Amino acid sequence: MFWDRFPIIKEEIVEFEDYLQGSLVSRQPLIQEAISDLAKSGGKRLRPALLMITAKFGEYKKEEVWLLAAALEILHMATLIHDDIIDDADLRRGSKTAQSKYGKDVAVFAGDYLFTLTFDILAGKATNEQLKQVSKVIQQICEGEIQQHQDRYNISVSYKDYFKRIKRKTALLFEGSCALGAGSAGLSKSVVRNLSHYGRYIGMAFQLVDDLFDFSKKSSGIGKPEGNDFTQGIYTLPILYSLYESDSANCLKKLLDNPVDNNQEIKEIITNNGSLDYTMSVATDYINKAKTKLKGLADHSYQEILIDLADMVVDRDY
């Protein structure tokens, strides 16, 4: 188990898994089956874990923390289902996606159901401020996904546009997890802000490493087809760096006119021109920035977990 290396938090993560499964309930059998399949397909529960860990820096209120953690993870699951529909993905974590197994119609309703379940869990128990935080995260995730869709096949996408996009679609959910956890613990505004920024930075690094999987054999182990992004016109940092910084830009532009047939040639260019190393260096910079946000905190046993988790983001196969 992923959390075996962190015995201080492992037992709680294991217990939380049962709590999460118990929250995933629908009276409609097909929706129940679809959401249960996704929940049981794996996942490290990084976002709920970050919420729990950051809450440990102050007054830990288990009932509130678990409620928020379940809501955030269910929200994350909803975005995964909708992502798979948009990407027409067959696999997620090595298992069939909802849209592949049940069809797009059922998958849409299952994803929508999870969104409503998020707020059903929070209703009457979360504070107005917490509800606003979750709502804002959902809004920005949707904006990021729409922007990604609008930018498909656009070879003029800027670095700024790319980083703004991945912040919205990925990093803000990490940031929100840390913000909600730290906020629930009654920590000072400055500490909440530092832990929130820690979450954002590891979220940015997480997406950058995920974009590297598009060109790596590791992708098959996580259920992500190699070359899936650029064949659908989604240009991530390795592609952008090659278009703006490398001698192979003109050749790459021509190959991107037919990315499916030119899949292998595109990957060879990206692999050999330094784009992957550059992308990893940017991810590492974000990890270092995340760690600096922990330096001002008082020494705490959970601080080391956050440091280790940050390092593991850039050295992962999940």
# chains A, B, ... in the order shown; residues from 1 in each chain; ligands from 1
call {"tool": "residues_around", "arguments": {"residues": "region 237-244 of chain A", "least_positions_apart": "2", "cutoff": "6 Å", "atoms": "only C-alpha atoms", "output": "ChimeraX atom specification"}}
result
/A:235,246,249,275-276
call {"tool": "closest_residue", "arguments": {"among": "A:Ser135, A:Met312, A:Tyr113, A:Leu172", "to": "Gln28 (chain A)", "atoms": "only C-alpha atoms"}}
result
A:Tyr113
call {"tool": "residues_around", "arguments": {"residues": "Lys40 (chain A)", "least_positions_apart": "2", "cutoff": "10 Å", "atoms": "only C-alpha atoms", "output": "list in words"}}
result
Glu17, Gln21, Ile35, Ser36, Asp37, Leu38, Gly42, Gly43 and Ser95 of chain A
call {"tool": "residues_around", "arguments": {"residues": "Ile269 (chain A)", "least_positions_apart": "3", "cutoff": "8 Å", "atoms": "only C-alpha atoms", "output": "list in words"}}
result
Ser248, Leu252, Glu265, Ile266, Asn272 and Asn273 of chain A
call {"tool": "residues_around", "arguments": {"residues": "region 153-170 of chain A", "least_positions_apart": "3", "cutoff": "6 Å", "atoms": "only C-alpha atoms", "output": "list in words"}}
result
Gln140, Ile141, Gly144, Leu173 and Gly233 of chain A
call {"tool": "write_last_selection", "arguments": {"atoms": "all heavy atoms", "output": "short mmCIF file (atom, residue, chain, number, x, y, z; two decimals), in the first residue's frame"}}
result
data_model
loop_
_atom_site.label_atom_id
_atom_site.label_comp_id
_atom_site.auth_asym_id
_atom_site.auth_seq_id
_atom_site.Cartn_x
_atom_site.Cartn_y
_atom_site.Cartn_z
N GLN A 140 -13.57 26.85 -11.23
CA GLN A 140 -12.29 27.02 -11.91
C GLN A 140 -11.83 25.75 -12.61
O GLN A 140 -11.16 25.82 -13.64
CB GLN A 140 -11.24 27.53 -10.91
CG GLN A 140 -11.58 28.92 -10.41
CD GLN A 140 -10.42 29.59 -9.69
OE1 GLN A 140 -9.41 29.95 -10.27
NE2 GLN A 140 -10.57 29.75 -8.38
N ILE A 141 -12.17 24.59 -12.06
CA ILE A 141 -11.89 23.34 -12.76
C ILE A 141 -12.62 23.33 -14.10
O ILE A 141 -12.04 23.00 -15.14
CB ILE A 141 -12.29 22.11 -11.91
CG1 ILE A 141 -11.32 21.93 -10.74
CG2 ILE A 141 -12.30 20.85 -12.77
CD1 ILE A 141 -11.75 20.85 -9.77
N GLY A 144 -10.99 25.66 -16.51
CA GLY A 144 -9.75 25.09 -17.02
C GLY A 144 -9.99 24.04 -18.08
O GLY A 144 -9.29 23.99 -19.10
N LEU A 173 -7.36 21.94 -6.91
CA LEU A 173 -7.97 20.92 -6.05
C LEU A 173 -7.00 20.50 -4.95
O LEU A 173 -7.40 20.25 -3.80
CB LEU A 173 -8.42 19.71 -6.87
CG LEU A 173 -9.40 18.75 -6.20
CD1 LEU A 173 -10.60 19.47 -5.60
CD2 LEU A 173 -9.88 17.70 -7.19
N GLY A 233 -4.90 16.92 -29.72
CA GLY A 233 -4.70 18.35 -29.86
C GLY A 233 -4.47 19.08 -28.56
O GLY A 233 -4.55 20.31 -28.52
#
call {"tool": "atom_distance", "arguments": {"atom1": "CA of Leu80 (chain A)", "atom2": "CA of Ala98 (chain A)"}}
result
9.7 Å
call {"tool": "residues_around", "arguments": {"residues": "region 174-178 of chain A", "least_positions_apart": "3", "cutoff": "10 Å", "atoms": "only C-alpha atoms", "output": "compact mmCIF listing (two decimals) with C-alpha atoms, in the first residue's frame"}}
result
# COMPACT_ATOMS: atom_id res chain seq x y z
CA LEU A 46 -3.79 12.16 -1.98
CA ARG A 47 -6.28 15.01 -1.74
CA PRO A 48 -8.12 13.71 1.34
CA ALA A 49 -4.77 12.85 2.89
CA LEU A 50 -3.51 16.39 2.34
CA LEU A 51 -6.67 17.73 3.94
CA MET A 52 -6.17 15.48 6.97
CA ILE A 53 -2.45 16.19 7.30
CA THR A 54 -2.78 19.97 7.09
CA ALA A 55 -5.59 19.83 9.67
CA LEU A 68 -14.60 17.71 3.96
CA ALA A 69 -12.16 15.04 2.78
CA LEU A 72 -13.31 16.74 -2.00
CA GLU A 73 -12.51 13.19 -3.09
CA GLN A 130 -16.18 26.19 3.13
CA GLN A 133 -14.32 27.45 -1.35
CA VAL A 134 -15.61 24.19 -2.83
CA LYS A 136 -14.98 28.20 -6.44
CA VAL A 137 -12.80 25.14 -7.02
CA LYS A 167 -3.53 25.47 -12.24
CA THR A 170 -5.43 20.21 -11.38
CA ALA A 171 -3.53 22.37 -8.91
CA GLY A 181 -7.72 21.26 6.13
CA ALA A 182 -5.68 24.12 7.56
CA GLY A 183 -8.75 26.34 7.80
CA SER A 184 -10.70 23.74 9.75
CA VAL A 192 -3.34 28.65 6.00
CA ARG A 193 -1.95 30.66 3.09
CA ASN A 194 1.43 28.90 3.21
CA LEU A 195 -0.14 25.44 3.34
CA SER A 196 -2.53 26.40 0.54
CA HIS A 197 0.38 27.51 -1.64
CA TYR A 198 2.19 24.28 -0.80
CA GLY A 199 -0.83 22.41 -2.18
CA ARG A 200 -0.97 24.54 -5.32
CA TYR A 201 2.71 24.04 -6.08
CA ILE A 202 2.68 20.26 -5.68
CA GLY A 203 -0.49 20.22 -7.78
CA MET A 204 1.31 22.05 -10.57
CA PHE A 206 1.79 16.68 -10.28
call {"tool": "select_by_dssp", "arguments": {"residues": "region 89-239 of chain A", "states": "strand (DSSP E)", "output": "ChimeraX atom specification"}}
result
/A:91-92,95-96
call {"tool": "write_last_selection", "arguments": {"atoms": "C-alpha atoms", "output": "CSV table (one decimal), in the first residue's frame"}}
result
chain,number,residue,atom,x,y,z
A,91,LEU,CA,-8.9,3.0,-19.2
A,92,ARG,CA,-8.5,4.7,-15.8
A,95,SER,CA,-9.6,-0.5,-15.3
A,96,LYS,CA,-12.4,0.3,-17.8
call {"tool": "closest_residue", "arguments": {"among": "A:Phe215, A:Tyr302, A:Lys132, A:Asp308", "to": "Ile8 (chain A)", "atoms": "only C-alpha atoms"}}
result
A:Tyr302
call {"tool": "residues_around", "arguments": {"residues": "Leu297 (chain A)", "least_positions_apart": "3", "cutoff": "9 Å", "atoms": "only C-alpha atoms", "output": "list in words"}}
result
Phe57, Val191, Asn194, Lys293, Leu294, His300 and Gln303 of chain A
call {"tool": "atom_distance", "arguments": {"atom1": "CA of Gln148 (chain A)", "atom2": "CA of Lys289 (chain A)"}}
result
25.4 Å
call {"tool": "atom_distance", "arguments": {"atom1": "CA of Lys295 (chain A)", "atom2": "CA of Ala179 (chain A)"}}
result
17.1 Å
call {"tool": "closest_residue", "arguments": {"among": "A:Leu20, A:Ala34, A:Lys61, A:Thr127", "to": "Thr97 (chain A)", "atoms": "only C-alpha atoms"}}
result
A:Ala34
call {"tool": "select_by_dssp", "arguments": {"residues": "region 57-222 of chain A", "states": "alpha helix (DSSP H)", "output": "PDB file with C-alpha atoms, in the first residue's frame"}}
result
ATOM      1  CA  LYS A  62     -12.088  14.411  12.897  1.00  0.00           C
ATOM      2  CA  GLU A  63     -15.782  14.537  12.015  1.00  0.00           C
ATOM      3  CA  GLU A  64     -15.425  17.837  10.158  1.00  0.00           C
ATOM      4  CA  VAL A  65     -12.152  16.846   8.499  1.00  0.00           C
ATOM      5  CA  TRP A  66     -13.474  13.521   7.219  1.00  0.00           C
ATOM      6  CA  LEU A  67     -16.632  15.178   5.926  1.00  0.00           C
ATOM      7  CA  LEU A  68     -14.596  17.709   3.961  1.00  0.00           C
ATOM      8  CA  ALA A  69     -12.159  15.045   2.779  1.00  0.00           C
ATOM      9  CA  ALA A  70     -14.964  12.811   1.473  1.00  0.00           C
ATOM     10  CA  ALA A  71     -16.595  15.736  -0.330  1.00  0.00           C
ATOM     11  CA  LEU A  72     -13.311  16.744  -2.001  1.00  0.00           C
ATOM     12  CA  GLU A  73     -12.510  13.186  -3.094  1.00  0.00           C
ATOM     13  CA  ILE A  74     -16.013  12.674  -4.495  1.00  0.00           C
ATOM     14  CA  LEU A  75     -15.644  15.963  -6.353  1.00  0.00           C
ATOM     15  CA  HIS A  76     -12.346  14.679  -7.734  1.00  0.00           C
ATOM     16  CA  MET A  77     -14.042  11.451  -8.840  1.00  0.00           C
ATOM     17  CA  ALA A  78     -16.703  13.466 -10.664  1.00  0.00           C
ATOM     18  CA  THR A  79     -14.028  15.343 -12.607  1.00  0.00           C
ATOM     19  CA  LEU A  80     -12.317  12.062 -13.529  1.00  0.00           C
ATOM     20  CA  ILE A  81     -15.515  10.641 -15.018  1.00  0.00           C
ATOM     21  CA  HIS A  82     -16.113  13.792 -17.050  1.00  0.00           C
ATOM     22  CA  ASP A  83     -12.448  13.915 -18.122  1.00  0.00           C
ATOM     23  CA  ASP A  84     -12.715  10.365 -19.444  1.00  0.00           C
ATOM     24  CA  ILE A  85     -15.828  11.273 -21.435  1.00  0.00           C
ATOM     25  CA  ILE A  86     -14.102  14.282 -23.007  1.00  0.00           C
ATOM     26  CA  ASP A  87     -10.947  12.259 -23.735  1.00  0.00           C
ATOM     27  CA  ALA A  98     -17.411   4.501 -16.807  1.00  0.00           C
ATOM     28  CA  GLN A  99     -17.919   5.842 -20.313  1.00  0.00           C
ATOM     29  CA  SER A 100     -16.221   2.788 -21.822  1.00  0.00           C
ATOM     30  CA  LYS A 101     -18.135   0.266 -19.706  1.00  0.00           C
ATOM     31  CA  TYR A 102     -21.564   1.877 -19.486  1.00  0.00           C
ATOM     32  CA  LYS A 104     -21.317   8.165 -22.328  1.00  0.00           C
ATOM     33  CA  ASP A 105     -24.926   8.803 -21.273  1.00  0.00           C
ATOM     34  CA  VAL A 106     -24.617   6.810 -18.061  1.00  0.00           C
ATOM     35  CA  ALA A 107     -21.159   8.267 -17.403  1.00  0.00           C
ATOM     36  CA  VAL A 108     -22.449  11.849 -17.686  1.00  0.00           C
ATOM     37  CA  PHE A 109     -25.221  11.156 -15.203  1.00  0.00           C
ATOM     38  CA  ALA A 110     -22.820   9.337 -12.862  1.00  0.00           C
ATOM     39  CA  GLY A 111     -20.441  12.306 -12.908  1.00  0.00           C
ATOM     40  CA  ASP A 112     -23.294  14.745 -12.355  1.00  0.00           C
ATOM     41  CA  TYR A 113     -24.561  12.603  -9.502  1.00  0.00           C
ATOM     42  CA  LEU A 114     -21.171  12.785  -7.806  1.00  0.00           C
ATOM     43  CA  PHE A 115     -21.183  16.585  -8.083  1.00  0.00           C
ATOM     44  CA  THR A 116     -24.582  16.709  -6.362  1.00  0.00           C
ATOM     45  CA  LEU A 117     -23.385  14.193  -3.776  1.00  0.00           C
ATOM     46  CA  THR A 118     -20.491  16.508  -2.941  1.00  0.00           C
ATOM     47  CA  PHE A 119     -22.874  19.246  -1.876  1.00  0.00           C
ATOM     48  CA  ASP A 120     -25.320  16.838  -0.261  1.00  0.00           C
ATOM     49  CA  ILE A 121     -22.506  15.758   2.074  1.00  0.00           C
ATOM     50  CA  LEU A 122     -21.589  19.369   2.834  1.00  0.00           C
ATOM     51  CA  ASN A 128     -20.677  29.068   4.292  1.00  0.00           C
ATOM     52  CA  GLU A 129     -17.001  29.861   3.731  1.00  0.00           C
ATOM     53  CA  GLN A 130     -16.184  26.194   3.133  1.00  0.00           C
ATOM     54  CA  LEU A 131     -19.083  25.882   0.681  1.00  0.00           C
ATOM     55  CA  LYS A 132     -17.814  28.957  -1.171  1.00  0.00           C
ATOM     56  CA  GLN A 133     -14.320  27.448  -1.347  1.00  0.00           C
ATOM     57  CA  VAL A 134     -15.606  24.190  -2.829  1.00  0.00           C
ATOM     58  CA  SER A 135     -17.871  26.032  -5.283  1.00  0.00           C
ATOM     59  CA  LYS A 136     -14.978  28.196  -6.441  1.00  0.00           C
ATOM     60  CA  VAL A 137     -12.797  25.136  -7.016  1.00  0.00           C
ATOM     61  CA  ILE A 138     -15.523  23.525  -9.146  1.00  0.00           C
ATOM     62  CA  GLN A 139     -15.981  26.715 -11.162  1.00  0.00           C
ATOM     63  CA  GLN A 140     -12.286  27.024 -11.907  1.00  0.00           C
ATOM     64  CA  ILE A 141     -11.888  23.339 -12.764  1.00  0.00           C
ATOM     65  CA  CYS A 142     -14.685  23.735 -15.305  1.00  0.00           C
ATOM     66  CA  GLU A 143     -13.075  26.890 -16.700  1.00  0.00           C
ATOM     67  CA  GLY A 144      -9.751  25.089 -17.020  1.00  0.00           C
ATOM     68  CA  GLU A 145     -11.303  22.160 -18.837  1.00  0.00           C
ATOM     69  CA  ILE A 146     -13.219  24.438 -21.214  1.00  0.00           C
ATOM     70  CA  GLN A 147     -10.052  26.429 -21.917  1.00  0.00           C
ATOM     71  CA  GLN A 148      -8.190  23.201 -22.668  1.00  0.00           C
ATOM     72  CA  HIS A 149     -10.960  22.246 -25.097  1.00  0.00           C
ATOM     73  CA  GLN A 150     -10.823  25.650 -26.810  1.00  0.00           C
ATOM     74  CA  TYR A 159       3.389  29.141 -21.636  1.00  0.00           C
ATOM     75  CA  LYS A 160       1.243  31.503 -19.573  1.00  0.00           C
ATOM     76  CA  ASP A 161      -1.941  29.988 -20.991  1.00  0.00           C
ATOM     77  CA  TYR A 162      -0.682  26.479 -20.278  1.00  0.00           C
ATOM     78  CA  PHE A 163       0.261  27.159 -16.663  1.00  0.00           C
ATOM     79  CA  LYS A 164      -3.018  28.953 -16.034  1.00  0.00           C
ATOM     80  CA  ARG A 165      -4.861  25.961 -17.461  1.00  0.00           C
ATOM     81  CA  ILE A 166      -3.148  23.329 -15.344  1.00  0.00           C
ATOM     82  CA  LEU A 172      -6.491  24.173  -7.353  1.00  0.00           C
ATOM     83  CA  LEU A 173      -7.973  20.923  -6.046  1.00  0.00           C
ATOM     84  CA  PHE A 174      -4.700  20.211  -4.235  1.00  0.00           C
ATOM     85  CA  GLU A 175      -4.667  23.798  -2.998  1.00  0.00           C
ATOM     86  CA  GLY A 176      -8.292  23.552  -1.898  1.00  0.00           C
ATOM     87  CA  SER A 177      -7.595  20.378   0.052  1.00  0.00           C
ATOM     88  CA  CYS A 178      -4.816  22.060   2.010  1.00  0.00           C
ATOM     89  CA  ALA A 179      -6.793  25.268   2.488  1.00  0.00           C
ATOM     90  CA  LEU A 180      -9.833  23.436   3.844  1.00  0.00           C
ATOM     91  CA  GLY A 181      -7.723  21.263   6.134  1.00  0.00           C
ATOM     92  CA  ALA A 182      -5.685  24.121   7.556  1.00  0.00           C
ATOM     93  CA  GLY A 183      -8.746  26.341   7.798  1.00  0.00           C
ATOM     94  CA  SER A 184     -10.705  23.737   9.750  1.00  0.00           C
ATOM     95  CA  LYS A 189      -4.237  33.214   8.021  1.00  0.00           C
ATOM     96  CA  SER A 190      -0.531  33.196   7.198  1.00  0.00           C
ATOM     97  CA  VAL A 191      -0.192  29.483   7.969  1.00  0.00           C
ATOM     98  CA  VAL A 192      -3.337  28.647   5.997  1.00  0.00           C
ATOM     99  CA  ARG A 193      -1.951  30.662   3.091  1.00  0.00           C
ATOM    100  CA  ASN A 194       1.428  28.896   3.210  1.00  0.00           C
ATOM    101  CA  LEU A 195      -0.136  25.442   3.336  1.00  0.00           C
ATOM    102  CA  SER A 196      -2.527  26.396   0.536  1.00  0.00           C
ATOM    103  CA  HIS A 197       0.384  27.510  -1.645  1.00  0.00           C
ATOM    104  CA  TYR A 198       2.190  24.285  -0.804  1.00  0.00           C
ATOM    105  CA  GLY A 199      -0.828  22.411  -2.185  1.00  0.00           C
ATOM    106  CA  ARG A 200      -0.970  24.539  -5.318  1.00  0.00           C
ATOM    107  CA  TYR A 201       2.711  24.039  -6.085  1.00  0.00           C
ATOM    108  CA  ILE A 202       2.685  20.260  -5.677  1.00  0.00           C
ATOM    109  CA  GLY A 203      -0.493  20.216  -7.782  1.00  0.00           C
ATOM    110  CA  MET A 204       1.314  22.055 -10.566  1.00  0.00           C
ATOM    111  CA  ALA A 205       4.209  19.610 -10.339  1.00  0.00           C
ATOM    112  CA  PHE A 206       1.785  16.682 -10.282  1.00  0.00           C
ATOM    113  CA  GLN A 207       0.233  17.771 -13.586  1.00  0.00           C
ATOM    114  CA  LEU A 208       3.613  18.433 -15.185  1.00  0.00           C
ATOM    115  CA  VAL A 209       4.751  14.907 -14.321  1.00  0.00           C
ATOM    116  CA  ASP A 210       1.420  13.563 -15.569  1.00  0.00           C
ATOM    117  CA  ASP A 211       2.096  15.329 -18.870  1.00  0.00           C
ATOM    118  CA  LEU A 212       5.422  13.520 -19.076  1.00  0.00           C
TER     119      LEU A 212
END
